[in-house]
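Structure file my_file-v2.txt (compact mmCIF, C-alpha atoms) is printed below.
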```
# COMPACT_ATOMS: atom_id res chain seq x y z
CA MET A 193 -25.72 37.28 9.04
CA VAL A 194 -24.26 34.84 6.57
CA SER A 195 -26.65 32.13 5.45
CA PRO A 196 -25.52 28.50 5.72
CA ILE A 197 -25.58 28.22 1.94
CA ASP A 198 -23.35 31.24 1.52
CA GLN A 199 -21.04 29.94 4.23
CA HIS A 200 -20.95 26.57 2.50
CA VAL A 201 -19.93 28.26 -0.76
CA GLN A 202 -17.37 30.39 1.05
CA VAL A 203 -15.80 27.33 2.69
CA TRP A 204 -15.51 25.53 -0.67
CA ARG A 205 -14.00 28.60 -2.23
CA ARG A 206 -11.38 28.84 0.53
CA LEU A 207 -10.61 25.13 0.23
CA ALA A 208 -10.21 25.47 -3.52
CA SER A 209 -7.47 28.01 -2.90
CA ILE A 210 -5.34 25.62 -0.83
CA ALA A 211 -2.56 24.28 -3.00
CA ASP A 212 -1.10 20.83 -2.62
CA PRO A 213 2.17 21.32 -0.67
CA GLU A 214 4.18 19.22 -3.15
CA ILE A 215 2.56 20.30 -6.41
CA PRO A 216 1.68 23.98 -5.97
CA VAL A 217 -0.33 24.31 -9.17
CA ILE A 218 -3.09 21.94 -8.07
CA SER A 219 -5.58 22.55 -5.28
CA LEU A 220 -6.90 20.12 -2.69
CA VAL A 221 -10.29 20.34 -4.35
CA ASP A 222 -8.78 19.52 -7.77
CA LEU A 223 -7.07 16.52 -6.19
CA GLY A 224 -10.31 15.18 -4.77
CA VAL A 225 -8.88 15.18 -1.24
CA ILE A 226 -11.80 17.24 0.07
CA ARG A 227 -14.72 14.80 0.04
CA GLU A 228 -17.50 16.68 1.78
CA VAL A 229 -18.27 19.95 3.52
CA GLN A 230 -21.13 20.36 5.97
CA VAL A 231 -22.08 23.66 7.59
CA THR A 232 -24.92 23.91 10.08
CA ALA A 233 -27.06 26.99 10.62
CA ASP A 234 -25.06 27.67 13.81
CA GLY A 235 -21.80 27.75 11.87
CA ASP A 236 -20.49 24.34 12.90
CA CYS A 237 -18.43 23.02 10.03
CA CYS A 238 -17.20 19.55 9.23
CA VAL A 239 -14.74 19.00 6.39
CA ALA A 240 -14.19 15.39 5.34
CA ILE A 241 -10.81 14.62 3.75
CA THR A 242 -9.37 11.47 2.32
CA PRO A 243 -5.63 10.80 2.55
CA THR A 244 -3.95 10.20 -0.78
CA TYR A 245 -1.29 7.70 0.27
CA SER A 246 -1.11 6.14 3.76
CA GLY A 247 2.36 7.52 4.38
CA CYS A 248 1.85 10.86 2.65
CA PRO A 249 3.83 13.31 4.77
CA ALA A 250 1.77 16.22 3.46
CA MET A 251 -1.44 15.16 5.19
CA GLN A 252 -0.66 16.93 8.47
CA HIS A 253 0.29 20.04 6.54
CA ILE A 254 -2.98 19.78 4.64
CA ARG A 255 -4.97 19.60 7.88
CA ASP A 256 -3.16 22.67 9.21
CA ALA A 257 -3.69 24.51 5.94
CA ILE A 258 -7.43 23.82 6.08
CA GLU A 259 -7.64 25.18 9.61
CA VAL A 260 -5.72 28.30 8.70
CA SER A 261 -7.69 28.96 5.52
CA LEU A 262 -11.05 28.68 7.28
CA GLN A 263 -10.23 31.20 9.97
CA SER A 264 -12.20 34.45 9.72
CA THR A 265 -15.02 32.82 7.81
CA GLY A 266 -17.32 33.22 10.79
CA LEU A 267 -17.45 29.52 11.56
CA ARG A 268 -18.21 28.61 15.16
CA THR A 269 -16.40 25.28 15.16
CA LEU A 270 -14.37 23.33 12.63
CA LYS A 271 -13.94 19.60 12.60
CA ILE A 272 -11.73 17.83 10.06
CA GLU A 273 -12.72 14.22 9.59
CA THR A 274 -10.45 11.72 7.87
CA ARG A 275 -12.33 9.18 5.79
CA LEU A 276 -10.52 6.03 4.73
CA SER A 277 -13.37 4.59 2.78
CA PRO A 278 -13.81 4.71 -0.14
CA PRO A 279 -10.01 5.01 -0.58
CA TRP A 280 -8.72 7.99 -2.51
CA THR A 281 -8.32 7.37 -6.20
CA THR A 282 -6.70 9.39 -8.96
CA ASP A 283 -10.04 9.11 -10.78
CA TRP A 284 -11.19 11.87 -8.40
CA ILE A 285 -8.69 14.38 -9.82
CA SER A 286 -10.64 16.96 -11.80
CA GLU A 287 -10.05 17.45 -15.53
CA ASP A 288 -8.82 20.93 -14.74
CA GLY A 289 -6.43 19.44 -12.20
CA LYS A 290 -5.09 16.99 -14.77
CA HIS A 291 -4.56 19.82 -17.20
CA LYS A 292 -2.63 21.82 -14.58
CA LEU A 293 -0.45 18.80 -13.81
CA LYS A 294 0.48 18.46 -17.48
CA GLN A 295 1.28 22.15 -17.78
CA TYR A 296 3.49 21.85 -14.72
CA GLY A 297 5.41 19.01 -16.36
CA ILE A 298 3.84 16.03 -14.63
CA ALA A 299 2.06 13.52 -16.88
CA PRO A 300 -1.51 13.20 -15.53
CA PRO A 301 -2.81 9.77 -14.51
CA HIS A 302 -4.77 7.53 -16.85
CA ALA A 303 -8.06 6.16 -15.60
CA ARG A 304 -7.49 3.52 -12.99
CA SER A 305 -8.50 0.01 -13.90
CA THR A 306 -11.42 -1.02 -11.75
CA VAL A 307 -10.16 -4.49 -11.01
CA HIS A 308 -7.09 -5.03 -8.86
CA THR A 309 -5.70 -8.34 -9.93
CA ILE A 310 -2.20 -9.66 -9.96
CA ASP A 311 -1.48 -10.23 -13.62
CA THR A 312 1.82 -11.78 -14.53
CA SER A 313 1.33 -11.66 -18.26
CA GLY A 314 4.22 -9.72 -19.72
CA LEU A 315 5.55 -8.99 -16.26
CA ARG A 316 9.06 -8.48 -17.51
CA ARG A 317 9.50 -4.85 -18.50
CA ARG A 318 5.77 -4.37 -18.47
CA PRO A 319 4.89 -0.68 -18.77
CA LEU A 320 3.24 0.92 -15.75
CA SER A 321 0.07 1.60 -17.70
CA ALA A 322 -0.35 -1.78 -19.33
CA ASN A 323 -2.81 -0.67 -21.96
CA GLN A 324 -1.96 2.95 -22.53
CA SER A 325 1.28 4.70 -23.24
CA VAL A 326 2.15 7.79 -21.26
CA GLU A 327 2.52 11.00 -23.22
CA CYS A 328 5.58 13.15 -22.59
CA PRO A 329 4.37 16.43 -21.03
CA GLN A 330 7.29 18.24 -22.65
CA CYS A 331 7.13 17.22 -26.30
CA GLY A 332 3.94 15.16 -26.54
CA SER A 333 5.62 11.96 -27.77
CA ILE A 334 4.25 8.59 -26.70
CA GLU A 335 7.67 6.97 -27.03
CA THR A 336 8.23 7.02 -23.31
CA ARG A 337 9.38 4.40 -20.87
CA CYS A 338 9.07 3.85 -17.18
CA LEU A 339 12.36 3.98 -15.29
CA SER A 340 10.86 3.35 -11.87
CA SER A 341 7.35 2.81 -10.60
CA HIS A 342 8.26 4.79 -7.51
CA GLY A 343 9.38 8.35 -8.10
CA SER A 344 10.26 11.35 -6.01
CA THR A 345 7.04 11.13 -4.02
CA ALA A 346 4.77 8.22 -3.19
CA CYS A 347 2.25 9.26 -5.84
CA LYS A 348 4.58 9.53 -8.80
CA ALA A 349 6.57 7.26 -11.10
CA LEU A 350 9.71 8.20 -13.02
CA TYR A 351 9.61 8.17 -16.81
CA ARG A 352 11.92 9.17 -19.62
CA CYS A 353 11.00 10.33 -23.10
CA SER A 354 12.86 8.51 -25.87
CA ASP A 355 12.24 11.40 -28.26
CA CYS A 356 13.20 14.55 -26.41
CA LEU A 357 15.28 12.49 -23.89
CA GLU A 358 13.93 14.46 -20.94
CA PRO A 359 12.91 12.70 -17.73
CA PHE A 360 9.49 13.46 -16.30
CA GLU A 361 7.17 12.21 -13.63
CA TYR A 362 3.90 10.40 -14.08
CA PHE A 363 1.13 10.68 -11.53
CA LYS A 364 0.36 7.02 -10.88
CA PRO A 365 -3.21 5.77 -11.28
CA ILE A 366 -4.38 4.43 -7.95
CA MET B 263 3.31 -28.22 15.90
CA LYS B 264 2.24 -26.37 19.01
CA LEU B 265 2.61 -22.61 18.94
CA PRO B 266 3.09 -20.65 22.16
CA THR B 267 -0.10 -18.94 23.32
CA VAL B 268 -0.54 -15.20 23.42
CA SER B 269 -2.82 -14.78 26.39
CA ASP B 270 -4.67 -11.92 28.04
CA ILE B 271 -5.14 -9.97 24.85
CA ASP B 272 -8.19 -9.14 22.76
CA SER B 273 -7.97 -11.05 19.46
CA ARG B 274 -8.87 -7.97 17.45
CA LEU B 275 -6.16 -5.94 19.18
CA LEU B 276 -3.65 -8.72 18.51
CA PHE B 277 -4.58 -8.92 14.84
CA ALA B 278 -4.26 -5.17 14.33
CA LEU B 279 -0.87 -5.24 16.09
CA ARG B 280 0.28 -8.14 13.95
CA MET B 281 -0.53 -6.13 10.83
CA ALA B 282 0.96 -2.90 12.15
CA ASP B 283 4.08 -4.51 13.59
CA SER B 284 4.96 -6.37 10.39
CA ALA B 285 4.56 -3.12 8.45
CA VAL B 286 6.60 -1.00 10.85
CA ILE B 287 9.43 -3.50 11.28
CA LEU B 288 9.74 -3.96 7.52
CA ALA B 289 9.64 -0.18 7.03
CA GLN B 290 12.45 0.15 9.55
CA ARG B 291 14.52 -2.51 7.76
CA LEU B 292 13.97 -0.79 4.40
CA CYS B 293 14.97 2.56 5.87
CA GLU B 294 18.38 1.06 6.68
CA TRP B 295 19.00 1.12 2.92
CA CYS B 296 18.35 4.86 2.65
CA GLY B 297 21.31 6.42 0.88
CA LYS B 298 23.01 3.06 0.36
CA CYS B 299 21.15 1.38 -2.47
CA PRO B 300 22.95 0.25 -5.61
CA ALA B 301 21.17 2.84 -7.78
CA PRO B 302 19.49 6.20 -7.01
CA GLU B 303 16.20 5.04 -8.52
CA GLU B 304 16.23 2.00 -6.23
CA ASP B 305 17.02 4.18 -3.22
CA ILE B 306 14.00 6.34 -3.95
CA ALA B 307 11.76 3.38 -4.75
CA ILE B 308 12.63 1.44 -1.61
CA SER B 309 12.14 4.54 0.53
CA ASN B 310 8.73 5.06 -1.02
CA VAL B 311 7.72 1.49 -0.30
CA ALA B 312 8.93 1.97 3.29
CA LEU B 313 6.90 5.16 3.55
CA ASP B 314 3.74 3.42 2.36
CA LEU B 315 4.30 0.66 4.92
CA LEU B 316 4.90 3.18 7.68
CA GLY B 317 1.65 4.95 6.81
CA GLN B 318 -0.18 1.64 6.80
CA ALA B 319 1.32 0.77 10.20
CA ARG B 320 -0.12 4.02 11.56
CA LEU B 321 -3.55 3.10 10.22
CA TRP B 322 -3.36 -0.36 11.81
CA TYR B 323 -2.20 1.12 15.14
CA ALA B 324 -5.29 3.34 15.02
CA VAL B 325 -7.42 0.18 14.66
CA ALA B 326 -5.47 -1.40 17.54
CA SER B 327 -6.17 1.63 19.74
CA GLN B 328 -9.89 1.02 19.37
CA HIS B 329 -9.58 -2.40 21.02
CA ASP B 330 -6.92 -1.53 23.56
CA PRO B 331 -8.12 -1.33 27.19
CA GLN B 332 -5.15 0.96 27.90
CA HIS B 333 -6.06 3.25 24.95
CA ARG B 334 -2.46 3.36 23.78
CA THR B 335 -1.53 5.65 20.89
CA GLU B 336 0.54 4.80 17.81
CA ASP B 337 3.63 6.18 19.55
CA ASP B 338 3.02 4.04 22.63
CA PHE B 339 2.67 0.94 20.47
CA ALA B 340 5.65 1.63 18.23
CA PHE B 341 8.13 3.02 20.74
CA LEU B 342 7.26 1.71 24.17
CA ARG B 343 6.78 -2.02 23.64
CA ASP B 344 9.64 -4.43 24.04
CA THR B 345 10.47 -7.29 21.72
CA ARG B 346 8.26 -9.88 23.41
CA ASP B 347 5.24 -7.69 22.90
CA TYR B 348 5.84 -7.24 19.18
CA TYR B 349 3.85 -9.56 16.91
CA ASN B 350 5.39 -9.09 13.48
CA VAL B 351 6.10 -12.12 11.29
CA LEU B 352 9.71 -13.34 11.49
CA LEU B 353 10.26 -12.74 7.77
CA VAL B 354 10.31 -8.95 8.08
CA GLU B 355 12.82 -8.74 10.90
CA GLN B 356 15.50 -10.72 9.05
CA SER B 357 18.55 -8.58 8.42
CA ASN B 358 18.82 -6.91 5.05
CA GLY B 359 21.81 -8.87 3.81
CA SER B 360 22.66 -8.13 0.18
CA TYR B 361 20.29 -6.11 -1.97
CA ALA B 362 19.15 -9.38 -3.52
CA ASP B 363 18.30 -10.75 -0.04
CA THR B 364 16.26 -7.61 0.62
CA LEU B 365 14.39 -7.97 -2.66
CA ALA B 366 13.74 -11.66 -2.01
CA ARG B 367 12.29 -10.81 1.39
CA GLN B 368 10.18 -8.06 -0.15
CA PHE B 369 8.82 -10.39 -2.82
CA TYR B 370 7.74 -13.06 -0.34
CA PHE B 371 6.15 -10.43 1.89
CA ASP B 372 4.42 -8.33 -0.79
CA SER B 373 2.80 -11.31 -2.48
CA TRP B 374 1.36 -12.56 0.82
CA HIS B 375 0.45 -9.05 1.96
CA TYR B 376 -1.51 -8.38 -1.23
CA LEU B 377 -3.51 -11.61 -0.97
CA LEU B 378 -4.26 -11.04 2.70
CA LEU B 379 -5.36 -7.43 2.20
CA GLU B 380 -7.57 -8.49 -0.69
CA GLN B 381 -9.45 -10.83 1.65
CA LEU B 382 -9.53 -8.30 4.47
CA THR B 383 -11.43 -5.81 2.31
CA GLN B 384 -14.34 -8.23 2.79
CA SER B 385 -14.06 -8.24 6.59
CA GLU B 386 -17.19 -7.98 8.69
CA ASP B 387 -15.33 -5.33 10.67
CA ASN B 388 -15.49 -1.96 8.88
CA SER B 389 -12.29 -0.57 10.34
CA ILE B 390 -10.38 -3.64 9.10
CA ALA B 391 -12.07 -3.52 5.68
CA ASP B 392 -11.47 0.23 5.24
CA THR B 393 -7.82 0.06 6.31
CA ALA B 394 -7.24 -2.93 4.04
CA SER B 395 -8.87 -1.14 1.08
CA LYS B 396 -6.52 1.80 1.54
CA ALA B 397 -3.46 -0.39 1.87
CA LEU B 398 -4.38 -2.72 -0.99
CA VAL B 399 -4.10 -0.09 -3.74
CA GLU B 400 -0.59 0.75 -2.56
CA VAL B 401 0.52 -2.84 -2.06
CA ASP B 402 -0.66 -3.55 -5.61
CA TYR B 403 2.29 -1.43 -6.77
CA HIS B 404 4.61 -3.05 -4.24
CA VAL B 405 3.95 -6.59 -5.43
CA ARG B 406 4.30 -5.68 -9.09
CA ARG B 407 7.62 -4.02 -8.41
CA SER B 408 9.05 -6.81 -6.28
CA SER B 409 7.84 -9.55 -8.64
CA ASP B 410 9.33 -7.72 -11.60
CA LEU B 411 12.67 -7.38 -9.83
CA ILE B 412 12.91 -11.13 -9.11
CA ILE B 413 12.57 -11.77 -12.82
CA ARG B 414 14.99 -9.01 -13.77
CA LEU B 415 17.69 -10.22 -11.38
CA ALA B 416 17.23 -13.86 -12.34
CA ASN B 417 17.49 -12.93 -16.01
CA GLY B 418 20.35 -10.50 -15.46
CA THR B 419 23.92 -11.67 -15.04
CA PRO B 420 25.11 -15.02 -13.62
CA VAL B 421 26.01 -13.13 -10.43
CA SER B 422 22.59 -11.50 -10.07
CA LYS B 423 20.91 -14.85 -10.66
CA MET B 424 23.07 -16.54 -8.05
CA LEU B 425 22.44 -13.80 -5.49
CA ILE B 426 18.67 -13.71 -5.90
CA GLN B 427 18.44 -17.48 -5.88
CA ASP B 428 20.51 -17.56 -2.72
CA GLY B 429 18.27 -14.97 -1.02
CA LEU B 430 15.05 -16.69 -2.00
CA HIS B 431 16.40 -20.01 -0.78
CA ARG B 432 17.65 -18.66 2.54
CA LEU B 433 14.42 -16.87 3.39
CA TRP B 434 12.14 -19.74 2.40
CA ALA B 435 12.09 -21.08 5.96
CA TYR B 436 10.40 -17.85 7.12
CA THR B 437 7.49 -18.03 4.72
CA GLY B 438 5.66 -20.87 6.46
CA GLU B 439 4.71 -18.68 9.41
CA LEU B 440 2.58 -16.50 7.14
CA PHE B 441 0.09 -19.35 6.77
CA ILE B 442 0.01 -20.84 10.26
CA GLY B 443 -2.87 -19.62 12.41
CA ASP B 444 -3.42 -19.84 16.13
CA ASP B 445 -6.53 -19.74 18.34
CA HIS B 446 -6.84 -15.99 17.92
CA ASP B 447 -6.92 -16.34 14.12
CA GLU B 448 -9.51 -19.12 14.41
CA ALA B 449 -11.76 -16.96 16.53
CA LEU B 450 -11.55 -13.98 14.18
CA ALA B 451 -12.05 -16.14 11.09
CA LEU B 452 -15.11 -17.73 12.66
CA TYR B 453 -16.76 -14.32 12.83
CA GLY B 454 -15.72 -13.34 9.32
CA LEU B 455 -13.28 -10.70 10.44
CA ILE B 456 -10.21 -12.20 8.79
CA PRO B 457 -9.46 -15.06 6.41
CA ARG B 458 -7.89 -18.17 7.92
CA PRO B 459 -4.12 -17.83 7.39
CA ASP B 460 -3.88 -21.25 5.73
CA SER B 461 -6.47 -20.26 3.13
CA LEU B 462 -3.92 -17.91 1.56
CA GLN B 463 -1.27 -20.56 1.04
CA ALA B 464 -2.54 -22.05 -2.22
CA PRO B 465 -3.01 -18.73 -4.07
CA TRP B 466 0.34 -17.54 -2.72
CA LYS B 467 2.12 -20.65 -3.97
CA ARG B 468 0.48 -20.25 -7.37
CA TRP B 469 1.65 -16.66 -7.56
CA ILE B 470 5.25 -17.33 -6.58
CA ALA B 471 5.36 -20.38 -8.88
CA GLU B 472 4.38 -18.15 -11.81
CA VAL B 473 7.07 -15.64 -11.00
CA PHE B 474 9.70 -18.32 -10.35
CA ASN B 475 8.74 -19.96 -13.60
CA GLU B 476 9.16 -16.80 -15.61
CA ALA B 477 12.42 -16.13 -13.77
CA GLY B 478 13.67 -19.62 -14.55
CA LEU B 479 14.27 -20.37 -10.89
CA PRO B 480 13.53 -23.65 -9.13
CA LEU B 481 10.99 -23.53 -6.30
CA PRO B 482 12.48 -24.29 -2.86
CA ALA B 483 11.69 -27.72 -1.38
CA PRO B 484 8.11 -27.83 -0.07
CA GLN B 485 8.78 -29.93 3.04
CA THR B 486 11.31 -27.59 4.63
CA TRP B 487 10.79 -27.08 8.35
CA MET B 488 9.45 -23.57 8.92
CA GLN B 489 10.40 -21.02 11.54
CA THR B 490 7.53 -19.73 13.69
CA GLY B 491 6.97 -17.64 16.78
CA GLY B 492 7.12 -14.05 15.55
CA ARG B 493 3.34 -13.71 15.63
CA GLN B 494 3.46 -14.90 19.22
CA GLY B 495 6.11 -12.43 20.36
CA GLN B 496 9.13 -14.71 20.04
CA HIS B 497 11.78 -13.06 17.94
CA GLY B 498 15.40 -13.50 16.97
CA GLU B 499 18.25 -11.59 18.54
CA ALA B 500 18.34 -9.01 15.75
CA HIS B 501 14.84 -7.82 16.64
CA ALA B 502 16.01 -6.35 19.94
CA TYR B 503 18.76 -4.37 18.21
CA LEU B 504 16.30 -3.10 15.62
CA LEU B 505 13.92 -1.90 18.34
CA ALA B 506 16.76 -0.31 20.28
CA GLU B 507 17.69 1.79 17.28
CA MET B 508 14.09 2.59 16.42
CA GLN B 509 12.98 3.43 19.96
CA CYS B 510 16.07 5.08 21.38
CA LEU B 511 15.13 8.67 20.53
CA HIS B 512 11.57 8.40 21.81
CA ARG B 513 12.60 6.68 25.01
CA SER B 514 15.34 9.24 25.65
CA HIS B 515 12.82 12.07 25.71
CA PRO B 516 9.59 10.77 27.24
CA GLY B 517 6.55 12.85 26.43
CA VAL B 518 8.33 15.12 23.97
CA ARG B 519 6.37 16.30 20.92
CA TRP B 520 7.53 17.89 17.65
```

Take the structure I supplied and represent it as structure tokens, if you would.
Amino acid sequence: MVSPIDQHVQVWRRLASIADPEIPVISLVDLGVIREVQVTADGDCCVAITPTYSGCPAMQHIRDAIEVSLQSTGLRTLKIETRLSPPWTTDWISEDGKHKLKQYGIAPPHARSTVHTIDTSGLRRRPLSANQSVECPQCGSIETRCLSSHGSTACKALYRCSDCLEPFEYFKPI
Amino acid sequence: MKLPTVSDIDSRLLFALRMADSAVILAQRLCEWCGKCPAPEEDIAISNVALDLLGQARLWYAVASQHDPQHRTEDDFAFLRDTRDYYNVLLVEQSNGSYADTLARQFYFDSWHYLLLEQLTQSEDNSIADTASKALVEVDYHVRRSSDLIIRLANGTPVSKMLIQDGLHRLWAYTGELFIGDDHDEALALYGLIPRPDSLQAPWKRWIAEVFNEAGLPLPAPQTWMQTGGRQGQHGEAHAYLLAEMQCLHRSHPGVRW
């Protein structure tokens, strides 16, 4: 008989092994998509997830992946709850997750500014991260510039390094 | 000016549909550019903006479902309503025109959308506040991008300046509707669920004036007569063609699932 605590740990462990469908080196737990796990003594489990972007096409895949990964864990029922509030933020990405992103070739997000204001100062050719330059994940240079605030997926922006001349993607702070 | 009345509908349902419909119609318009934009980076960017809007439309349709006596789903709302039952603002259904026209439309919409969502995060209704909070962080990027592009085009070549000025001028008549409320808006504002539409006009004008100023463009004449009716289900001819294209597949195979 598995205790609820052990089951709880087992569920988290399984969830930590689910990779993001787009960025296979980072797990859903690293991304901060899994918000909460509850397991009752009877084996009823509720996993709360937060969608990254509203239109993220991976969310359905993520739900399916959670269901599949939690099979054969002895759970009686599984409910996946989507929580919109508080909205997902890149601040929830673990340090380990950020490190994995960089190794994979994606510049990890800077800390998100806490105030969302429309600021026109320096609007023309303003860098995406107004106060911090983005380091090239290939060569480490900070001489990089933003080509487009919207990259290959909703969560990423397209950058180019002026030193090594390679393009790379930047995980946008949100 | 007397607006037509939308009757026999819950005000909260109508508001959620107004939000969802504007997002989905604009997403559909932006998708028409897919594969045809002037630069690959623009193609990707505009598709991403469309995707965000589509996701937000789904969230608003979920809010609408809560207040719908028929318990319609997002698919029912998006694919099985005809033009007179759509409540998007007229601005978003305008045809794409040149790329500059599209960017002008996007700029007017994004700036209003941001300010509205910012207020909605304070709604007394949790489902409105939560949905708005989610959308706001995405629309923050939209408005920065579209504002930046107005300035870049205006400060580009004489041709780019002429084209963007032309687009901004032509679409000006569709911006008034964003700030004109009806009885449904009054009722919701009274209970603190939404801001009064006219309360957004001053901050919006300040924002566009800043961008126009930096772009070196003159502001359109303030007394221009404004087009209205989209929020009441009265749309232009192009709306029906847009829906036909968008809904054709779903209507051809009723009940089919992926």

Per-axis box centre and lengths in Å around region 414-423 of chain B, 5 Å margin per side, axis-aligned, as AutoDock Vina command-line options:
```
--center_x 20.5 --center_y -12.0 --center_z -13.0 --size_x 21.0 --size_y 16.0 --size_z 15.9
```

Counting only C-alpha atoms, chain B residues within 9 Å of chain A, as number ranges by chain = B: 303-304, 306-321, 376, 380, 389, 391-393, 395-400, 402-403, 405-407, 409-411, 413-414, 469, 472-473, 476

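Residues in contact range of Thr269 (chain A), defined as at most 9 Å between all atoms listed in the file, with sequence neighbours fewer than 4 positions away removed, read Gly235, Asp236, Cys237 and Cys238 of chain A.
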
Find the residues of region 269-328 of chain B that sit at most 9 Å from region 433-448 of chain B; for each, write down the nearest two atoms and how far apart they are in Å, to one decimal. Count all atoms listed in the file. Sort by chain, then by number going up, and give it as a Markdown table.
```
| residue | atom | partner | partner_atom | distance |
| --- | --- | --- | --- | --- |
| B:Asp272 | CA | B:His446 | CA | 8.5 |
| B:Ser273 | CA | B:His446 | CA | 5.3 |
| B:Arg274 | CA | B:His446 | CA | 8.3 |
| B:Leu276 | CA | B:His446 | CA | 8.0 |
| B:Phe277 | CA | B:Asp447 | CA | 7.8 |
```

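Between CA of Val239 (chain A) and CA of Ile272 (chain A) the interatomic distance comes to 4.9 Å.
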
message = Residues within 8 Å of Gln427 (chain B), please, as a ChimeraX atom specification. Count only C-alpha atoms; anything in the same chain fewer than 3 positions from it doesn't count.
response = /B:416,423-424,430-431,479

task = Could you give me, as number ranges by chain, the residues within 10 Å of Ile215 (chain A), counting all atoms listed in the file and dropping anything in the same chain fewer than 5 positions from it?
result = A: 292-293, 296, 298

ask   = Mind pulling up the distance from CA of Ala250 (chain A) to CA of Trp284 (chain A)?
value = 18.1 Å

request  = Please identify all polymer residues lying at most 10 Å from the point (-7.6, 10.5, -10.3) (file coordinates), using all atoms listed in the file, and present the result as JSON, numbers by chain.
outcome  = {"A": [222, 223, 224, 280, 281, 282, 283, 284, 285, 286, 287, 289, 290, 300, 301, 302, 303, 304, 363, 364, 365, 366]}

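Computed from the coordinates, the CA of Ser195 (chain A) to CA of Arg255 (chain A) distance equals 25.2 Å.
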
message = Around the point (10.0, -15.5, 12.8) (coordinates from the file), which residues reach within 7 Å if we count all atoms listed in the file? Answer as a PyMOL selection string.
response = chain B and resi 351-353+436+489-492+497

inquiry  = Excluding Ile470 (chain B) and its own-chain neighbours fewer than 4 positions away, which residues fall within 8 Å of it when counting all atoms listed in the file? Please give them as a list in words.
reply    = Tyr370, Ser373, Trp466 and Phe474 of chain B
